[in-house]
Amino acid sequence: MPEEIESIMHELRKFKPGKEFRKKAHIKNFKQYQKLYNESIKNPEKFWAEIAREIDFFKKWKRVYCWDPKTLKCKWFDGAKLNVSYNCLDRHLKTRKNKLALIWQGEQEEDVKTYTYEELYKEVCRFANVLKKLGLKKGDRICMYLPMIPELAIAMLACTRIGVIHSIVFGGYSAKAVETRIKGCKAKILITSDGSLRKGKIIPVKESADIAVKKCKSIKKVIIVKRTNNNIQMKRGRDIWWHEEINKKGIKDECKPAMMDAEDPLFILYTSGTTGKPKGVLHTTAGYLVYVYITAKWIFDLKDEDAYWCTADIGWITGHSYIIYGPLANGATTIMFEGVPNYPDPARCWKIVEKFKVNIFYTAPTLIRALEKEGNKWTKKYDLSSLRLLGSVGEPINPEAWLWYHTHIGNKKCPIVDTWWQTETGGILITPLPGAMTLKPGSVLRPFPGVIPDILREDGTKASVNEGGYLVIKQPWPAMLRGIWGNKKRFRETYFKKFPGLYLTGDGAKIDKEGDFWIMGRLDDVVNVSGHRIGTMEVESAIVSHKSVAEAAIVPYPHAIKGQALYAFVSLNKGVKKTEKLKDGLRKHVAEEIGPIAKPDRIQFADALPKTRSGKIMRRILKAIAEGKEDLGNTSTLADPTVVEILKQKRQ
Ligand code: PRX
């Protein structure tokens with residue numbers, strides 16, 4: 001068990017929600033949660049049918065769900081017809097037409113745009129009509145490579161309106177990453193911008209897009225949003241401006257929503273796994289929508305008057321589910337922020353909280369730790385009294401950060417929901433329900449109704465109380481991924497092979513004697529750097545593709561702000577000099593191959609790597625060296641044990 005998790009588990013203080021919060025909460029006490037949970041397990045059909053009634057279907061389902069653990073066929077609300085954008089927009093027009101759906105805060109303070117439900121509806125319809133005019137049809141794919149600007153939200157909803165599947169590429173990824181994702185789903189259109197802003201500087205996004213598209217035959221058009229007004233090259237016949245297309249004569253602000261089948265694909269989102277290539281996680285329509293709707297409602301305790309802000313980037317699943325689809329399906333006001341938390345100063349987030357009187361704030365531990373380090377003078381600058389509920393996601397939150405968040409941001413009155421989930425799960429699976437549960441810093445507490453997690457040992461038997469093991473989910477839930485785009489085999493092998501028929505999360509966890517869950521981190525080759533999921537194999541392949549490199553191994557090590565950071569052991573080709581310049585060159589190369597987030601913090605050149613007699617690199621030993629451990633465990637199976645001492649001496 002990693003040491004930081006050990007320390008998490010020694011924090012034993014508990015925090016009850018306040019009376020006022022409880023009284024108004026959707027789920028008011030533990031008994032109510034237990035009742036709901038038990039009903040959801042005893043009779044899932046009835047439970048989910050009741051929840052789904054809160055969503056508008058054009059045609060009712062024939063069956064709530066079916067699941068065959070042998071064929072892995074999973075269907076929710078089969079036979080039903082519905083439309084996601086209809087549920088996020090049209091159905092609110094009767095009662096919330098003039099309510100703000102989206103508040104956009106640009107990187108510059110004065111850059112603010114707001115959209116009422118009616119305004120957003122019209123924009124979405126217009127853009128859906130543009131896509132239709134370009135010939136896009138149900139089932140086609142579109143890639144988006146955009147900064148956090150309103151057009152991203154509009155484009156997503158427009159896709160769902162006409163049944164086009166979106167695949168969003170995080171704006172910080174490289175041209176190479178965009179290229180693989182476009183190729184992966186054979187996208188017909190790429191939506192990008194002339195540039196994006198980062199700490200006042202313009203990042204030439206279009207240049208990366210051009211490099212990517214050059215190698216992608218499937219792309220017919222590139223739609224460009226004008227954001228930074230910098231000079232860009234427009235390729236004739238291929239590149240078109242968003243603002244020109246949307247304002248063309250004949251583009252109406254009404255567009256009939258497509259009648260989608262419950263299991264029609266909604267979006268693809270690439271995420272990192274154990275093997276080299278990222279995988280395209282596929283989510284479908286009805287189950288995903290119902291699940292993000294109800295989890296957003298109960299976990300964030302959404303009320304009509306709330307201003308809700310999730311700081312994630314829409315390029316990740318958190319942004320999909322809990323900036324766009326979940327909150328909008330609830331008719332909430334969702335805030336989207338283009339900038340970064342420490343620019344122009346570390347009070348930026350708190351300034352936004354005060355400005356928009358944010359009630360619910362959802363972020364990642366890495367942000368909390370980074371802002372905690374800056375000291376409390378920044379949090380005191382602004383009025384945070386509007387906050388009612390705080391959330392955390394993406395990585396384990398250490399008790400120190402939890403307590404700081406609770407005290408200095410939540411003024412000791414806001415419950416904190418530490419939500420555990422994954423790209424593949426579509427929505428939150430294990431979490432406190434804020435009005436119903438007593439919080440323990442570092443614990444994600446309980447499964448959401450309908451979710452049956454368990455902790456298993458290597459041999460598939462159940463782990464006992466406080467014993468760490470593999471976290472699995474025993475029954476499908478509505479937003480479970482339905483597959484890996486274009487790779488059926490990988491779906492089974494990654495998630496359902498180790499314990500046949502059970503969903504393998506890849507995380508380790510344990511349950512304490514009170515029945516509460518504690519996440520212990522990944523058990524596979526996935527690392528969580530600042531809440532970003534990175535496959536070590538992916539970074540290894542990137543480094544090895546550098547002309548000077550013979551071999552490389554990447555391992556994580558604990559990092560005070562990022563949670564985990566990457567440590568690279570690199571063997572160079574014969575005759576190549578080990579210089580600091582080369583280290584910079586390797587980092588740059590990784591940034592080009594994947595994106596700056598995958599750059600290793602530490603690089604150590606090694607004449608040899610520790611290998612078994614059969615030639616396998618022993619990453620376990622490298623990890624222990626990177627962590628600064630004296631005891632490296634059993635090294636007797638190494639072909640050459642002397643390698644280890646040298647590596648240890650030269651540790652970075
Ligand atoms: O290791 C878990 C960690 O993030 C992984 C999923 O990453 P991704 O698919 O990028 O989705 C992140 C946002 C949902 C998980 O396998 N993780 C996520 N939430 C938590 C967490 N680890 C501990 N506590 C959490 N609350």
# chains A, B, ... in the order shown; residues from 1 in each chain; ligands from 1
$ select_by_dssp --residues "segment 354-518 of chain A" --states "strand (DSSP E or B)" --output "ChimeraX atom specification"
/A:360-363,389-393,416-420,430-431,439,445-447,453-456,462,469-473,483-484,503-511,517-518
$ closest_atom_pairs --of "chain A" --to "ligand 1" --cutoff "7 Å" --atoms "only C-alpha atoms and all ligand atoms" --output "JSON lines"
{"residue": "A:Thr271", "atom": "CA", "partner": "ligand 1", "partner_atom_place_in_ligand_line": "9 (O)", "distance": 6.4}
{"residue": "A:Trp316", "atom": "CA", "partner": "ligand 1", "partner_atom_place_in_ligand_line": "10 (O)", "distance": 6.7}
{"residue": "A:Ile317", "atom": "CA", "partner": "ligand 1", "partner_atom_place_in_ligand_line": "13 (C)", "distance": 6.1}
{"residue": "A:Thr318", "atom": "CA", "partner": "ligand 1", "partner_atom_place_in_ligand_line": "13 (C)", "distance": 5.3}
{"residue": "A:Ser392", "atom": "CA", "partner": "ligand 1", "partner_atom_place_in_ligand_line": "26 (N)", "distance": 6.2}
{"residue": "A:Val393", "atom": "CA", "partner": "ligand 1", "partner_atom_place_in_ligand_line": "26 (N)", "distance": 4.4}
{"residue": "A:Gly394", "atom": "CA", "partner": "ligand 1", "partner_atom_place_in_ligand_line": "18 (C)", "distance": 3.5}
{"residue": "A:Glu395", "atom": "CA", "partner": "ligand 1", "partner_atom_place_in_ligand_line": "22 (N)", "distance": 3.5}
{"residue": "A:Pro396", "atom": "CA", "partner": "ligand 1", "partner_atom_place_in_ligand_line": "23 (C)", "distance": 3.5}
{"residue": "A:Ile397", "atom": "CA", "partner": "ligand 1", "partner_atom_place_in_ligand_line": "24 (N)", "distance": 6.4}
{"residue": "A:Asp418", "atom": "CA", "partner": "ligand 1", "partner_atom_place_in_ligand_line": "26 (N)", "distance": 5.0}
{"residue": "A:Thr419", "atom": "CA", "partner": "ligand 1", "partner_atom_place_in_ligand_line": "26 (N)", "distance": 4.2}
{"residue": "A:Trp420", "atom": "CA", "partner": "ligand 1", "partner_atom_place_in_ligand_line": "26 (N)", "distance": 3.7}
{"residue": "A:Trp421", "atom": "CA", "partner": "ligand 1", "partner_atom_place_in_ligand_line": "14 (C)", "distance": 4.5}
{"residue": "A:Gln422", "atom": "CA", "partner": "ligand 1", "partner_atom_place_in_ligand_line": "9 (O)", "distance": 3.7}
{"residue": "A:Thr423", "atom": "CA", "partner": "ligand 1", "partner_atom_place_in_ligand_line": "9 (O)", "distance": 3.6}
{"residue": "A:Glu424", "atom": "CA", "partner": "ligand 1", "partner_atom_place_in_ligand_line": "9 (O)", "distance": 6.4}
{"residue": "A:Val444", "atom": "CA", "partner": "ligand 1", "partner_atom_place_in_ligand_line": "26 (N)", "distance": 6.3}
{"residue": "A:Thr505", "atom": "CA", "partner": "ligand 1", "partner_atom_place_in_ligand_line": "16 (O)", "distance": 6.3}
{"residue": "A:Gly506", "atom": "CA", "partner": "ligand 1", "partner_atom_place_in_ligand_line": "16 (O)", "distance": 6.1}
{"residue": "A:Asp507", "atom": "CA", "partner": "ligand 1", "partner_atom_place_in_ligand_line": "16 (O)", "distance": 5.4}
{"residue": "A:Ile519", "atom": "CA", "partner": "ligand 1", "partner_atom_place_in_ligand_line": "23 (C)", "distance": 5.2}
{"residue": "A:Met520", "atom": "CA", "partner": "ligand 1", "partner_atom_place_in_ligand_line": "23 (C)", "distance": 6.9}
{"residue": "A:Gly521", "atom": "CA", "partner": "ligand 1", "partner_atom_place_in_ligand_line": "1 (O)", "distance": 4.9}
{"residue": "A:Arg522", "atom": "CA", "partner": "ligand 1", "partner_atom_place_in_ligand_line": "1 (O)", "distance": 5.0}
{"residue": "A:Asn528", "atom": "CA", "partner": "ligand 1", "partner_atom_place_in_ligand_line": "4 (O)", "distance": 6.6}
{"residue": "A:Gly531", "atom": "CA", "partner": "ligand 1", "partner_atom_place_in_ligand_line": "4 (O)", "distance": 6.7}
{"residue": "A:His532", "atom": "CA", "partner": "ligand 1", "partner_atom_place_in_ligand_line": "10 (O)", "distance": 5.7}
{"residue": "A:Arg533", "atom": "CA", "partner": "ligand 1", "partner_atom_place_in_ligand_line": "10 (O)", "distance": 4.6}
$ closest_residue --among "A:Ser85, A:Ser636, A:Asn359, A:Thr114" --to "Ala128 of chain A" --atoms "only C-alpha atoms"
A:Ser85
$ residues_around --residues "Leu93 of chain A" --least-positions-apart "5" --cutoff "9 Å" --atoms "only C-alpha atoms" --output "list in words"
Asn98, Tyr117, Glu118 and Tyr121 of chain A
$ residues_around --residues "Pro44 of chain A" --least-positions-apart "6" --cutoff "9 Å" --atoms "only C-alpha atoms" --output "PyMOL selection string"
chain A and resi 64-65+450
$ decode --residues "segment 28-43 of chain A" --atoms "all heavy atoms" --output "PDB file, in the first residue's frame"
ATOM      1  N   LYS A  28     -31.905  13.197   2.752  1.00  0.00           N
ATOM      2  CA  LYS A  28     -31.755  13.931   4.001  1.00  0.00           C
ATOM      3  C   LYS A  28     -31.046  13.194   5.120  1.00  0.00           C
ATOM      4  O   LYS A  28     -30.579  13.793   6.074  1.00  0.00           O
ATOM      5  CB  LYS A  28     -33.141  14.365   4.509  1.00  0.00           C
ATOM      6  CG  LYS A  28     -33.834  15.319   3.564  1.00  0.00           C
ATOM      7  CD  LYS A  28     -35.194  15.685   4.124  1.00  0.00           C
ATOM      8  CE  LYS A  28     -36.066  16.416   3.148  1.00  0.00           C
ATOM      9  NZ  LYS A  28     -35.439  17.248   2.149  1.00  0.00           N
ATOM     10  N   ASN A  29     -31.035  11.888   5.057  1.00  0.00           N
ATOM     11  CA  ASN A  29     -30.375  11.156   6.137  1.00  0.00           C
ATOM     12  C   ASN A  29     -29.936   9.776   5.659  1.00  0.00           C
ATOM     13  O   ASN A  29     -30.309   9.340   4.572  1.00  0.00           O
ATOM     14  CB  ASN A  29     -31.304  11.034   7.351  1.00  0.00           C
ATOM     15  CG  ASN A  29     -32.656  10.492   6.940  1.00  0.00           C
ATOM     16  OD1 ASN A  29     -32.741   9.415   6.337  1.00  0.00           O
ATOM     17  ND2 ASN A  29     -33.720  11.241   7.207  1.00  0.00           N
ATOM     18  N   PHE A  30     -29.155   9.136   6.510  1.00  0.00           N
ATOM     19  CA  PHE A  30     -28.564   7.867   6.102  1.00  0.00           C
ATOM     20  C   PHE A  30     -29.622   6.794   5.880  1.00  0.00           C
ATOM     21  O   PHE A  30     -29.496   5.953   4.998  1.00  0.00           O
ATOM     22  CB  PHE A  30     -27.535   7.410   7.144  1.00  0.00           C
ATOM     23  CG  PHE A  30     -26.660   6.310   6.620  1.00  0.00           C
ATOM     24  CD1 PHE A  30     -25.739   6.573   5.620  1.00  0.00           C
ATOM     25  CD2 PHE A  30     -26.776   5.011   7.103  1.00  0.00           C
ATOM     26  CE1 PHE A  30     -24.933   5.560   5.101  1.00  0.00           C
ATOM     27  CE2 PHE A  30     -25.978   3.990   6.587  1.00  0.00           C
ATOM     28  CZ  PHE A  30     -25.057   4.272   5.586  1.00  0.00           C
ATOM     29  N   LYS A  31     -30.663   6.875   6.675  1.00  0.00           N
ATOM     30  CA  LYS A  31     -31.753   5.899   6.547  1.00  0.00           C
ATOM     31  C   LYS A  31     -32.388   5.970   5.158  1.00  0.00           C
ATOM     32  O   LYS A  31     -32.675   4.954   4.525  1.00  0.00           O
ATOM     33  CB  LYS A  31     -32.822   6.202   7.591  1.00  0.00           C
ATOM     34  CG  LYS A  31     -33.076   5.036   8.515  1.00  0.00           C
ATOM     35  CD  LYS A  31     -34.074   5.448   9.520  1.00  0.00           C
ATOM     36  CE  LYS A  31     -34.850   4.237   9.997  1.00  0.00           C
ATOM     37  NZ  LYS A  31     -35.768   4.656  11.027  1.00  0.00           N
ATOM     38  N   GLN A  32     -32.595   7.203   4.718  1.00  0.00           N
ATOM     39  CA  GLN A  32     -33.199   7.395   3.391  1.00  0.00           C
ATOM     40  C   GLN A  32     -32.277   6.838   2.307  1.00  0.00           C
ATOM     41  O   GLN A  32     -32.728   6.200   1.353  1.00  0.00           O
ATOM     42  CB  GLN A  32     -33.453   8.889   3.163  1.00  0.00           C
ATOM     43  CG  GLN A  32     -34.332   9.167   1.958  1.00  0.00           C
ATOM     44  CD  GLN A  32     -34.426  10.666   1.655  1.00  0.00           C
ATOM     45  OE1 GLN A  32     -34.007  11.511   2.443  1.00  0.00           O
ATOM     46  NE2 GLN A  32     -34.983  10.992   0.502  1.00  0.00           N
ATOM     47  N   TYR A  33     -30.967   7.082   2.477  1.00  0.00           N
ATOM     48  CA  TYR A  33     -30.000   6.521   1.516  1.00  0.00           C
ATOM     49  C   TYR A  33     -30.082   4.998   1.522  1.00  0.00           C
ATOM     50  O   TYR A  33     -30.150   4.359   0.474  1.00  0.00           O
ATOM     51  CB  TYR A  33     -28.575   6.978   1.857  1.00  0.00           C
ATOM     52  CG  TYR A  33     -27.509   6.066   1.255  1.00  0.00           C
ATOM     53  CD1 TYR A  33     -27.205   6.114  -0.102  1.00  0.00           C
ATOM     54  CD2 TYR A  33     -26.831   5.138   2.054  1.00  0.00           C
ATOM     55  CE1 TYR A  33     -26.260   5.257  -0.661  1.00  0.00           C
ATOM     56  CE2 TYR A  33     -25.882   4.279   1.509  1.00  0.00           C
ATOM     57  CZ  TYR A  33     -25.602   4.341   0.147  1.00  0.00           C
ATOM     58  OH  TYR A  33     -24.677   3.484  -0.391  1.00  0.00           O
ATOM     59  N   GLN A  34     -30.072   4.437   2.725  1.00  0.00           N
ATOM     60  CA  GLN A  34     -30.097   2.968   2.824  1.00  0.00           C
ATOM     61  C   GLN A  34     -31.328   2.373   2.175  1.00  0.00           C
ATOM     62  O   GLN A  34     -31.264   1.351   1.493  1.00  0.00           O
ATOM     63  CB  GLN A  34     -30.054   2.558   4.291  1.00  0.00           C
ATOM     64  CG  GLN A  34     -28.652   2.277   4.750  1.00  0.00           C
ATOM     65  CD  GLN A  34     -28.614   1.878   6.199  1.00  0.00           C
ATOM     66  OE1 GLN A  34     -29.386   2.398   7.011  1.00  0.00           O
ATOM     67  NE2 GLN A  34     -27.723   0.967   6.538  1.00  0.00           N
ATOM     68  N   LYS A  35     -32.439   3.050   2.371  1.00  0.00           N
ATOM     69  CA  LYS A  35     -33.692   2.568   1.793  1.00  0.00           C
ATOM     70  C   LYS A  35     -33.589   2.596   0.258  1.00  0.00           C
ATOM     71  O   LYS A  35     -33.887   1.604  -0.409  1.00  0.00           O
ATOM     72  CB  LYS A  35     -34.851   3.447   2.286  1.00  0.00           C
ATOM     73  CG  LYS A  35     -36.215   2.925   1.939  1.00  0.00           C
ATOM     74  CD  LYS A  35     -37.292   3.640   2.765  1.00  0.00           C
ATOM     75  CE  LYS A  35     -38.675   3.266   2.272  1.00  0.00           C
ATOM     76  NZ  LYS A  35     -39.126   4.067   1.136  1.00  0.00           N
ATOM     77  N   LEU A  36     -33.115   3.711  -0.245  1.00  0.00           N
ATOM     78  CA  LEU A  36     -32.962   3.838  -1.700  1.00  0.00           C
ATOM     79  C   LEU A  36     -31.996   2.783  -2.223  1.00  0.00           C
ATOM     80  O   LEU A  36     -32.232   2.138  -3.244  1.00  0.00           O
ATOM     81  CB  LEU A  36     -32.384   5.209  -2.050  1.00  0.00           C
ATOM     82  CG  LEU A  36     -33.333   6.376  -2.104  1.00  0.00           C
ATOM     83  CD1 LEU A  36     -32.555   7.695  -2.189  1.00  0.00           C
ATOM     84  CD2 LEU A  36     -34.255   6.257  -3.322  1.00  0.00           C
ATOM     85  N   TYR A  37     -30.885   2.638  -1.505  1.00  0.00           N
ATOM     86  CA  TYR A  37     -29.862   1.695  -1.955  1.00  0.00           C
ATOM     87  C   TYR A  37     -30.433   0.275  -1.987  1.00  0.00           C
ATOM     88  O   TYR A  37     -30.293  -0.435  -2.979  1.00  0.00           O
ATOM     89  CB  TYR A  37     -28.612   1.768  -1.069  1.00  0.00           C
ATOM     90  CG  TYR A  37     -27.493   0.923  -1.643  1.00  0.00           C
ATOM     91  CD1 TYR A  37     -26.732   1.400  -2.705  1.00  0.00           C
ATOM     92  CD2 TYR A  37     -27.240  -0.369  -1.167  1.00  0.00           C
ATOM     93  CE1 TYR A  37     -25.741   0.620  -3.282  1.00  0.00           C
ATOM     94  CE2 TYR A  37     -26.248  -1.154  -1.739  1.00  0.00           C
ATOM     95  CZ  TYR A  37     -25.503  -0.650  -2.799  1.00  0.00           C
ATOM     96  OH  TYR A  37     -24.535  -1.437  -3.386  1.00  0.00           O
ATOM     97  N   ASN A  38     -31.085  -0.093  -0.911  1.00  0.00           N
ATOM     98  CA  ASN A  38     -31.637  -1.452  -0.845  1.00  0.00           C
ATOM     99  C   ASN A  38     -32.664  -1.692  -1.946  1.00  0.00           C
ATOM    100  O   ASN A  38     -32.672  -2.744  -2.578  1.00  0.00           O
ATOM    101  CB  ASN A  38     -32.269  -1.721   0.528  1.00  0.00           C
ATOM    102  CG  ASN A  38     -31.195  -1.772   1.601  1.00  0.00           C
ATOM    103  OD1 ASN A  38     -30.013  -1.977   1.285  1.00  0.00           O
ATOM    104  ND2 ASN A  38     -31.583  -1.551   2.849  1.00  0.00           N
ATOM    105  N   GLU A  39     -33.503  -0.696  -2.162  1.00  0.00           N
ATOM    106  CA  GLU A  39     -34.502  -0.847  -3.239  1.00  0.00           C
ATOM    107  C   GLU A  39     -33.807  -1.001  -4.589  1.00  0.00           C
ATOM    108  O   GLU A  39     -34.206  -1.810  -5.426  1.00  0.00           O
ATOM    109  CB  GLU A  39     -35.418   0.380  -3.298  1.00  0.00           C
ATOM    110  CG  GLU A  39     -36.484   0.378  -2.218  1.00  0.00           C
ATOM    111  CD  GLU A  39     -37.170   1.739  -2.086  1.00  0.00           C
ATOM    112  OE1 GLU A  39     -36.867   2.671  -2.862  1.00  0.00           O
ATOM    113  OE2 GLU A  39     -38.010   1.863  -1.158  1.00  0.00           O
ATOM    114  N   SER A  40     -32.746  -0.221  -4.798  1.00  0.00           N
ATOM    115  CA  SER A  40     -32.056  -0.234  -6.099  1.00  0.00           C
ATOM    116  C   SER A  40     -31.403  -1.592  -6.358  1.00  0.00           C
ATOM    117  O   SER A  40     -31.217  -1.984  -7.501  1.00  0.00           O
ATOM    118  CB  SER A  40     -31.007   0.877  -6.164  1.00  0.00           C
ATOM    119  OG  SER A  40     -29.859   0.530  -5.411  1.00  0.00           O
ATOM    120  N   ILE A  41     -31.063  -2.291  -5.298  1.00  0.00           N
ATOM    121  CA  ILE A  41     -30.403  -3.590  -5.461  1.00  0.00           C
ATOM    122  C   ILE A  41     -31.443  -4.703  -5.580  1.00  0.00           C
ATOM    123  O   ILE A  41     -31.315  -5.619  -6.377  1.00  0.00           O
ATOM    124  CB  ILE A  41     -29.456  -3.874  -4.262  1.00  0.00           C
ATOM    125  CG1 ILE A  41     -28.439  -2.749  -4.128  1.00  0.00           C
ATOM    126  CG2 ILE A  41     -28.783  -5.245  -4.373  1.00  0.00           C
ATOM    127  CD1 ILE A  41     -27.673  -2.410  -5.392  1.00  0.00           C
ATOM    128  N   LYS A  42     -32.489  -4.576  -4.763  1.00  0.00           N
ATOM    129  CA  LYS A  42     -33.529  -5.611  -4.763  1.00  0.00           C
ATOM    130  C   LYS A  42     -34.310  -5.615  -6.063  1.00  0.00           C
ATOM    131  O   LYS A  42     -34.602  -6.657  -6.637  1.00  0.00           O
ATOM    132  CB  LYS A  42     -34.501  -5.353  -3.596  1.00  0.00           C
ATOM    133  CG  LYS A  42     -34.450  -6.499  -2.591  1.00  0.00           C
ATOM    134  CD  LYS A  42     -35.669  -6.572  -1.707  1.00  0.00           C
ATOM    135  CE  LYS A  42     -35.713  -5.596  -0.611  1.00  0.00           C
ATOM    136  NZ  LYS A  42     -36.637  -5.206   0.207  1.00  0.00           N
ATOM    137  N   ASN A  43     -34.638  -4.424  -6.514  1.00  0.00           N
ATOM    138  CA  ASN A  43     -35.443  -4.334  -7.725  1.00  0.00           C
ATOM    139  C   ASN A  43     -34.934  -3.217  -8.649  1.00  0.00           C
ATOM    140  O   ASN A  43     -35.536  -2.146  -8.746  1.00  0.00           O
ATOM    141  CB  ASN A  43     -36.909  -4.093  -7.337  1.00  0.00           C
ATOM    142  CG  ASN A  43     -37.832  -4.377  -8.500  1.00  0.00           C
ATOM    143  OD1 ASN A  43     -37.379  -4.445  -9.654  1.00  0.00           O
ATOM    144  ND2 ASN A  43     -39.113  -4.513  -8.215  1.00  0.00           N
TER     145      ASN A  43
END
